[in-house]
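Quick look at model_14.tsv (TSV, C-alpha atoms):
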```tsv
chain	number	residue	atom	x	y	z
Q	174	MET	CA	-32.00	60.68	89.32
Q	175	LEU	CA	-35.16	58.71	88.64
Q	176	ILE	CA	-37.80	58.51	91.40
Q	177	LEU	CA	-40.19	55.59	91.91
Q	178	VAL	CA	-43.46	55.85	93.86
Q	179	SER	CA	-46.56	53.73	94.36
Q	180	PRO	CA	-50.03	54.58	93.07
Q	181	ALA	CA	-53.02	55.17	95.39
Q	182	LYS	CA	-56.36	53.46	95.92
Q	183	THR	CA	-58.15	56.80	96.19
Q	184	LEU	CA	-58.84	58.35	92.80
Q	185	ASP	CA	-60.16	61.72	91.64
Q	186	PHE	CA	-61.79	61.76	88.23
Q	187	GLU	CA	-64.25	64.52	89.11
Q	188	ASN	CA	-61.99	67.57	89.29
Q	189	PRO	CA	-60.08	68.79	86.22
Q	190	ALA	CA	-56.30	68.33	86.03
Q	191	ALA	CA	-54.13	71.37	86.68
Q	192	THR	CA	-52.66	71.20	83.17
Q	193	GLN	CA	-53.72	70.40	79.63
Q	194	SER	CA	-50.41	68.66	78.94
Q	195	TYR	CA	-50.52	64.87	78.75
Q	196	SER	CA	-48.72	61.79	77.48
Q	197	ILE	CA	-49.74	58.21	76.71
Q	198	PRO	CA	-48.51	55.21	78.78
Q	199	THR	CA	-45.86	53.18	76.99
Q	200	LEU	CA	-47.09	49.77	78.19
Q	201	LEU	CA	-50.74	49.98	77.12
Q	202	GLY	CA	-50.46	46.75	75.16
Q	203	GLN	CA	-49.67	44.94	78.41
Q	204	SER	CA	-52.51	46.77	80.19
Q	205	GLU	CA	-54.94	45.62	77.51
Q	206	GLN	CA	-53.98	42.00	78.13
Q	207	LEU	CA	-54.73	42.43	81.84
Q	208	ILE	CA	-58.05	44.11	81.08
Q	209	ASP	CA	-59.02	41.09	78.95
Q	210	VAL	CA	-58.35	38.85	81.96
Q	211	CYS	CA	-60.22	41.13	84.36
Q	212	ARG	CA	-63.29	41.36	82.12
Q	213	LYS	CA	-63.85	37.64	82.67
Q	214	LEU	CA	-64.20	38.15	86.44
Q	215	THR	CA	-67.61	38.34	88.09
Q	216	PRO	CA	-68.38	40.82	90.90
Q	217	SER	CA	-68.07	37.88	93.31
Q	218	ASP	CA	-64.67	36.97	91.86
Q	219	ILE	CA	-63.41	40.55	92.30
Q	220	ALA	CA	-64.79	40.85	95.84
Q	221	SER	CA	-62.91	37.70	96.82
Q	222	LEU	CA	-59.73	38.44	94.86
Q	223	MET	CA	-59.34	42.04	95.99
Q	224	LYS	CA	-60.99	41.63	99.41
Q	225	VAL	CA	-63.38	44.51	98.76
Q	226	SER	CA	-67.08	45.12	99.34
Q	227	ASP	CA	-69.75	44.10	96.83
Q	228	LYS	CA	-70.23	47.78	95.98
Q	229	ILE	CA	-66.54	48.31	95.13
Q	230	ALA	CA	-66.47	45.00	93.26
Q	231	GLY	CA	-69.40	46.15	91.12
Q	232	LEU	CA	-67.69	49.47	90.47
Q	233	ASN	CA	-64.57	47.71	89.23
Q	234	VAL	CA	-66.53	45.37	86.98
Q	235	ALA	CA	-67.96	48.50	85.36
Q	236	ARG	CA	-64.50	50.07	85.09
Q	237	PHE	CA	-62.98	47.02	83.42
Q	238	SER	CA	-65.97	46.80	81.06
Q	239	SER	CA	-65.74	50.45	79.96
Q	240	TRP	CA	-61.93	50.58	79.67
Q	241	ASP	CA	-60.98	51.81	76.19
Q	242	ARG	CA	-57.42	51.81	74.87
Q	243	ASN	CA	-58.06	55.05	72.96
Q	244	PHE	CA	-57.19	57.45	75.78
Q	245	THR	CA	-58.32	61.08	75.56
Q	246	THR	CA	-58.74	63.83	78.15
Q	247	ASP	CA	-62.48	63.07	77.99
Q	248	ASN	CA	-62.20	59.46	79.18
Q	249	ALA	CA	-58.90	59.57	81.10
Q	250	LYS	CA	-56.84	61.82	83.38
Q	251	GLN	CA	-53.15	62.49	84.00
Q	252	ALA	CA	-51.94	59.99	86.61
Q	253	VAL	CA	-50.34	62.45	89.04
Q	254	PHE	CA	-53.66	64.31	89.31
Q	255	ALA	CA	-55.84	61.20	89.35
Q	256	PHE	CA	-54.20	59.53	92.39
Q	257	ARG	CA	-55.22	61.04	95.74
Q	258	GLY	CA	-53.58	58.99	98.52
Q	259	ASP	CA	-51.15	60.01	101.28
Q	260	VAL	CA	-48.11	60.10	98.97
Q	261	TYR	CA	-49.94	62.46	96.65
Q	262	THR	CA	-51.04	64.67	99.54
Q	263	GLY	CA	-47.35	65.09	100.36
Q	264	LEU	CA	-46.49	65.78	96.72
Q	265	ASP	CA	-49.37	68.26	96.23
Q	266	ALA	CA	-49.10	68.12	92.43
Q	267	ASP	CA	-51.92	70.64	91.98
Q	268	THR	CA	-49.56	73.43	93.06
Q	269	LEU	CA	-46.59	72.42	90.89
Q	270	SER	CA	-45.53	74.95	88.28
Q	271	GLU	CA	-45.58	73.92	84.62
Q	272	ALA	CA	-41.76	73.81	84.71
Q	273	SER	CA	-41.81	71.50	87.77
Q	274	LEU	CA	-44.43	69.30	86.10
Q	275	GLN	CA	-42.17	68.85	83.10
Q	276	LYS	CA	-39.29	68.06	85.44
Q	277	ALA	CA	-41.51	65.48	87.16
Q	278	GLN	CA	-42.35	64.04	83.75
Q	279	GLN	CA	-38.66	63.30	83.30
Q	280	GLN	CA	-37.74	62.25	86.84
Q	281	LEU	CA	-40.82	60.58	88.36
Q	282	ARG	CA	-42.34	57.17	87.61
Q	283	ILE	CA	-45.42	55.63	89.22
Q	284	LEU	CA	-45.51	51.84	89.55
Q	285	SER	CA	-48.91	50.36	88.73
Q	286	GLY	CA	-50.54	46.93	88.76
Q	287	LEU	CA	-52.47	47.70	85.57
Q	288	TYR	CA	-50.20	50.13	83.73
Q	289	GLY	CA	-46.80	48.84	84.86
Q	290	LEU	CA	-44.99	52.16	84.87
Q	291	LEU	CA	-46.59	55.59	84.45
Q	292	LYS	CA	-45.11	59.01	83.84
Q	293	PRO	CA	-46.89	61.74	85.84
Q	294	LEU	CA	-48.70	63.16	82.81
Q	295	ASP	CA	-49.62	59.78	81.32
Q	296	LEU	CA	-53.37	59.54	80.86
Q	297	MET	CA	-55.01	56.69	82.75
Q	298	GLN	CA	-58.54	55.44	83.16
Q	299	ALA	CA	-59.95	54.66	86.59
Q	300	TYR	CA	-59.05	51.21	87.91
Q	301	ARG	CA	-58.25	49.19	90.98
Q	302	LEU	CA	-55.68	46.44	90.57
Q	303	GLU	CA	-53.05	46.37	93.27
Q	304	MET	CA	-49.66	44.91	92.44
Q	305	GLY	CA	-50.01	42.21	95.11
Q	306	THR	CA	-53.23	40.84	93.56
Q	307	ARG	CA	-53.05	37.10	92.85
Q	308	LEU	CA	-54.60	37.41	89.41
Q	309	SER	CA	-54.05	34.29	87.31
Q	310	ASN	CA	-52.89	35.14	83.81
Q	311	GLU	CA	-51.08	33.56	80.87
Q	312	ARG	CA	-47.69	34.29	82.48
Q	313	GLY	CA	-48.39	33.01	85.97
Q	314	THR	CA	-50.58	33.25	89.05
Q	315	ASN	CA	-49.98	36.89	90.01
Q	316	LEU	CA	-49.08	40.32	88.68
Q	317	TYR	CA	-45.40	40.00	89.60
Q	318	GLN	CA	-45.16	37.06	87.20
Q	319	PHE	CA	-47.20	38.91	84.58
Q	320	TRP	CA	-44.87	41.92	84.57
Q	321	GLY	CA	-41.71	39.82	84.86
Q	322	ASP	CA	-38.75	41.87	83.59
Q	323	ILE	CA	-40.90	44.38	81.69
Q	324	ILE	CA	-40.98	47.12	84.35
Q	325	THR	CA	-37.29	46.67	85.19
Q	326	ASP	CA	-36.30	46.85	81.52
Q	327	GLU	CA	-38.36	50.02	81.10
Q	328	ILE	CA	-36.62	51.62	84.10
Q	329	ASN	CA	-33.18	50.64	82.80
Q	330	GLN	CA	-33.95	52.06	79.36
Q	331	THR	CA	-35.07	55.33	80.93
Q	332	THR	CA	-32.05	55.74	83.22
Q	333	ALA	CA	-29.68	54.89	80.35
Q	334	ALA	CA	-31.33	57.38	78.01
Q	335	GLN	CA	-31.33	60.15	80.61
Q	336	GLY	CA	-27.95	59.37	82.16
Q	337	ASP	CA	-29.48	58.90	85.61
Q	338	GLU	CA	-26.93	57.78	88.19
Q	339	PHE	CA	-29.44	57.04	90.97
Q	340	ILE	CA	-32.87	55.49	91.39
Q	341	ILE	CA	-34.62	56.89	94.45
Q	342	ASN	CA	-37.05	54.24	95.64
Q	343	LEU	CA	-39.99	55.89	97.42
Q	344	ALA	CA	-42.41	53.07	96.61
Q	345	SER	CA	-43.97	50.62	99.06
Q	346	ASN	CA	-42.57	47.10	99.40
Q	347	GLU	CA	-45.62	45.68	97.60
Q	348	TYR	CA	-44.94	47.74	94.51
Q	349	PHE	CA	-41.16	47.72	94.52
Q	350	LYS	CA	-41.25	43.91	94.48
Q	351	ALA	CA	-42.30	44.29	90.83
Q	352	VAL	CA	-38.81	45.68	90.12
Q	353	LYS	CA	-35.91	43.23	89.78
Q	354	HIS	CA	-33.57	45.36	91.85
Q	355	LYS	CA	-30.50	43.22	91.16
Q	356	GLN	CA	-30.95	43.91	87.44
Q	357	LEU	CA	-31.06	47.70	87.81
Q	358	THR	CA	-28.15	49.44	86.14
Q	359	ALA	CA	-28.36	52.67	88.19
Q	360	ASN	CA	-27.53	52.87	91.90
Q	361	LEU	CA	-30.53	52.17	94.13
Q	362	VAL	CA	-31.25	54.42	97.14
Q	363	THR	CA	-34.21	53.75	99.45
Q	364	PRO	CA	-34.89	56.57	101.96
Q	365	VAL	CA	-36.43	55.64	105.32
Q	366	PHE	CA	-38.66	57.96	107.34
Q	367	LYS	CA	-39.09	57.45	111.09
Q	368	ASP	CA	-41.28	59.37	113.52
Q	369	LYS	CA	-40.78	59.45	117.27
Q	370	LYS	CA	-43.57	57.81	119.24
Q	371	ASN	CA	-43.49	56.89	122.93
Q	372	GLY	CA	-39.79	57.70	123.04
Q	373	GLN	CA	-38.78	55.55	120.05
Q	374	TYR	CA	-38.26	56.32	116.38
Q	375	LYS	CA	-40.24	54.01	114.14
Q	376	VAL	CA	-41.74	53.88	110.65
Q	377	ILE	CA	-45.37	54.94	110.96
Q	378	SER	CA	-47.12	54.11	107.70
Q	379	PHE	CA	-49.34	57.20	107.38
Q	380	PHE	CA	-46.48	59.62	108.10
Q	381	ALA	CA	-43.98	57.68	105.97
Q	382	LYS	CA	-46.28	57.69	102.93
Q	383	LYS	CA	-46.79	61.43	103.17
Q	384	ALA	CA	-43.04	61.96	103.68
Q	385	ARG	CA	-42.32	60.05	100.47
Q	386	GLY	CA	-44.51	62.49	98.59
Q	387	MET	CA	-42.87	65.43	100.31
Q	388	MET	CA	-39.45	64.15	99.29
Q	389	VAL	CA	-40.56	63.98	95.65
Q	390	ARG	CA	-41.73	67.58	95.93
Q	391	TYR	CA	-38.45	68.58	97.61
Q	392	ILE	CA	-36.42	67.02	94.78
Q	393	LEU	CA	-38.46	68.82	92.14
Q	394	ASP	CA	-38.55	72.21	93.89
Q	395	ASN	CA	-34.84	72.20	94.70
Q	396	ASN	CA	-33.50	70.62	91.51
Q	397	VAL	CA	-31.86	67.88	93.58
Q	398	GLU	CA	-29.38	65.90	91.49
Q	399	SER	CA	-27.00	64.40	94.08
Q	400	LEU	CA	-27.20	62.40	97.29
Q	401	ASP	CA	-25.50	65.25	99.16
Q	402	ALA	CA	-28.40	67.48	98.15
Q	403	LEU	CA	-30.99	64.76	98.85
Q	404	ILE	CA	-29.99	64.33	102.50
Q	405	LYS	CA	-30.67	68.01	103.12
Q	406	PHE	CA	-34.37	67.14	102.92
Q	407	ASP	CA	-36.06	68.93	105.82
Q	408	SER	CA	-39.76	69.15	104.97
Q	409	ALA	CA	-42.29	69.08	107.84
Q	410	GLY	CA	-39.58	68.75	110.49
Q	411	TYR	CA	-37.69	65.72	109.14
Q	412	TYR	CA	-33.90	65.73	109.37
Q	413	TYR	CA	-31.14	63.42	108.18
Q	414	SER	CA	-29.62	61.04	110.73
Q	415	GLU	CA	-26.09	60.13	109.73
Q	416	ALA	CA	-25.79	57.69	112.63
Q	417	GLU	CA	-28.72	55.56	111.45
Q	418	SER	CA	-28.07	55.85	107.73
Q	419	THR	CA	-26.20	53.86	105.12
Q	420	VAL	CA	-25.30	54.99	101.62
Q	421	THR	CA	-28.20	53.03	100.13
Q	422	ALA	CA	-30.71	53.73	102.92
Q	423	PRO	CA	-30.54	57.32	104.25
Q	424	VAL	CA	-32.69	57.68	107.38
Q	425	PHE	CA	-34.73	60.77	108.18
Q	426	LEU	CA	-36.11	61.32	111.68
Q	427	ARG	CA	-38.84	63.55	113.06
Q	428	GLU	CA	-39.76	64.37	116.63
Q	429	GLU	CA	-43.14	63.32	118.04
Q	430	GLN	CA	-46.05	65.10	116.42
```
Represent the structure from my file as structure tokens, please.
Amino acid sequence: MLILVSPAKTLDFENPAATQSYSIPTLLGQSEQLIDVCRKLTPSDIASLMKVSDKIAGLNVARFSSWDRNFTTDNAKQAVFAFRGDVYTGLDADTLSEASLQKAQQQLRILSGLYGLLKPLDLMQAYRLEMGTRLSNERGTNLYQFWGDIITDEINQTTAAQGDEFIINLASNEYFKAVKHKQLTANLVTPVFKDKKNGQYKVISFFAKKARGMMVRYILDNNVESLDALIKFDSAGYYYSEAESTVTAPVFLREEQ
């Protein structure tokens, strides 16, 4: 199975990665085109476009300006160690064994507004460019139009080459919209995580994001290769609810925290 997750806004380029192994993103040519567009933006443009403070806008102007396609471990970092949001807290990549990291390299893909699709050990340079950004470019008015079929084609090539039967979608709606799901050749499964609050089970964003990362870790640690094995996921008190689930959307519940 191939797993899809979102990136994170929070980045860590201060601490060293837990491995020396790395790879290079396959869609860097596309990234370079986006960088060329972004370098024409002023701090004011970025603040308005991304709805960020002047300080963050200035930081991203500097990032776009210094971006260099020649990635090395001196100017870039492996993606799975660079992202530090809730999903990545749940995944806890720093404690993965080298064998699990290599398994992740095969099974896990990170959707990205700038890089399109990243393998965990792909080097990346610091950036902020969310997939939902309405960035005008030569292919349209937003990043969904820029990426078009490119990300979907890359996913299909990967699943065909690896013989993956399932795509486990653990990405947010914003990022998964960049995938043309009707064109996917493998079977799509989108797990749902609900926490009990005030007597009702509901999707609570913070918990759900962390649960997505925990499910990635569960798949890697337990060599999960089937849906029967996937629904045994029980990290942090979650359990499978057959009554609420469908084949394509297994639901996992957790009692009030």
Query raised in the report: Which of these residues is nearest to Ala190 in chain Q, using only C-alpha atoms: Q:Lys369, Q:Arg301, Q:Lys250, Q:Lys382?
Result: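 The closest residue to Ala190 in chain Q is Q:Lys250.
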Requested in this report: With a distance cut-off of 7 Å and all atoms listed in the file, select the neighbouring residues of range 345-362 of chain Q, excluding the residue or stretch itself and same-chain residues fewer than 5 positions from it, and output the selection as a list of chain:residue names.
Outcome: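 That gives Q:Ser179, Q:Leu284, Q:Met304, Q:Gly305, Q:Tyr317, Q:Asp322, Q:Ile324, Q:Thr325, Q:Asn329, Q:Thr332, Q:Asp337, Q:Glu338, Q:Phe339, Q:Ile340, Q:Thr421, Q:Ala422.
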Report summary line: As a check of understanding: the span from CA of Lys182 in chain Q to CA of Ser408 in chain Q is 24.6 Å
Query raised in the report: Counting all atoms listed in the file, what is within 9 Å of range 230-241 of chain Q, bar same-chain residues fewer than 5 positions away, as number ranges by chain?
Result: Q: 205, 208-209, 211-212, 214-221, 223-225, 248, 298-301
Query raised in the report: What is the CA of Ile283 in chain Q to CA of Ala344 in chain Q distance in Å?
Result: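 Pair CA of Ile283 in chain Q / CA of Ala344 in chain Q returns 8.4 Å.
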Requested in this report: Enumerate, as a list in words, the protein, DNA and RNA residues whose atoms approach (-30.2, 61.1, 111.2) to within 12 Å, taking into account all atoms listed in the file and the coordinate frame of the file.
Outcome: Pro364, Val365, Phe366, Lys367, Asp368, Tyr374, Ile404, Lys405, Phe406, Asp407, Tyr411, Tyr412, Tyr413, Ser414, Glu415, Ala416, Glu417, Ser418, Thr419, Ala422, Pro423, Val424, Phe425, Leu426, Arg427 and Glu428 of chain Q
Report summary line: Nearest to Leu269 in chain Q, restricted to all atoms listed in the file and choosing among Q:Val253, Q:Gly410, Q:Ser196, Q:Val210, comes out as Q:Val253
I'd like the contact shell of Leu302 in chain Q - 7 Å cut-off, all atoms listed in the file, skipping same-chain residues fewer than 4 positions apart - returned as a PDB file with C-alpha atoms, in the frame of the given file.
```
ATOM      1  CA  GLY Q 286     -50.540  46.930  88.760  1.00  0.00           C
ATOM      2  CA  LEU Q 287     -52.470  47.700  85.570  1.00  0.00           C
ATOM      3  CA  THR Q 306     -53.230  40.840  93.560  1.00  0.00           C
TER       4      THR Q 306
END
```
Query raised in the report: What is the CA of Lys228 in chain Q-CA of Gly258 in chain Q distance in Å, reported with one decimal?
Result: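 Between CA of Lys228 in chain Q and CA of Gly258 in chain Q the gap is 20.2 Å.
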Requested in this report: Find the residues around Ala249 in chain Q up to 7 Å (all atoms listed in the file counted), leave out those fewer than 2 positions away in its own chain, and share them as a PyMOL selection string.
Outcome: chain Q and resi 244-247+296-298
Requested in this report: Check the smallest atom-to-atom distance from each of Q:Ala409, Q:Ala334, Q:Ala402, Q:Ala381 to Leu175 in chain Q using all atoms listed in the file, then report the winner.
Outcome: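 Among Q:Ala409, Q:Ala334, Q:Ala402, Q:Ala381, it is Q:Ala334 that comes nearest to Leu175 in chain Q.
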Query raised in the report: Do you know which residues are at most 8 Å from range 262-265 of chain Q counting all atoms listed in the file, after dropping those on the same chain fewer than 4 positions away, and could you put them as a list in words?
Result: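 Listing them by chain and then by number gives Arg257, Gly258, Leu269, Lys382, Lys383, Ala384, Arg385, Gly386, Met387, Met388, Val389 and Arg390 of chain Q.
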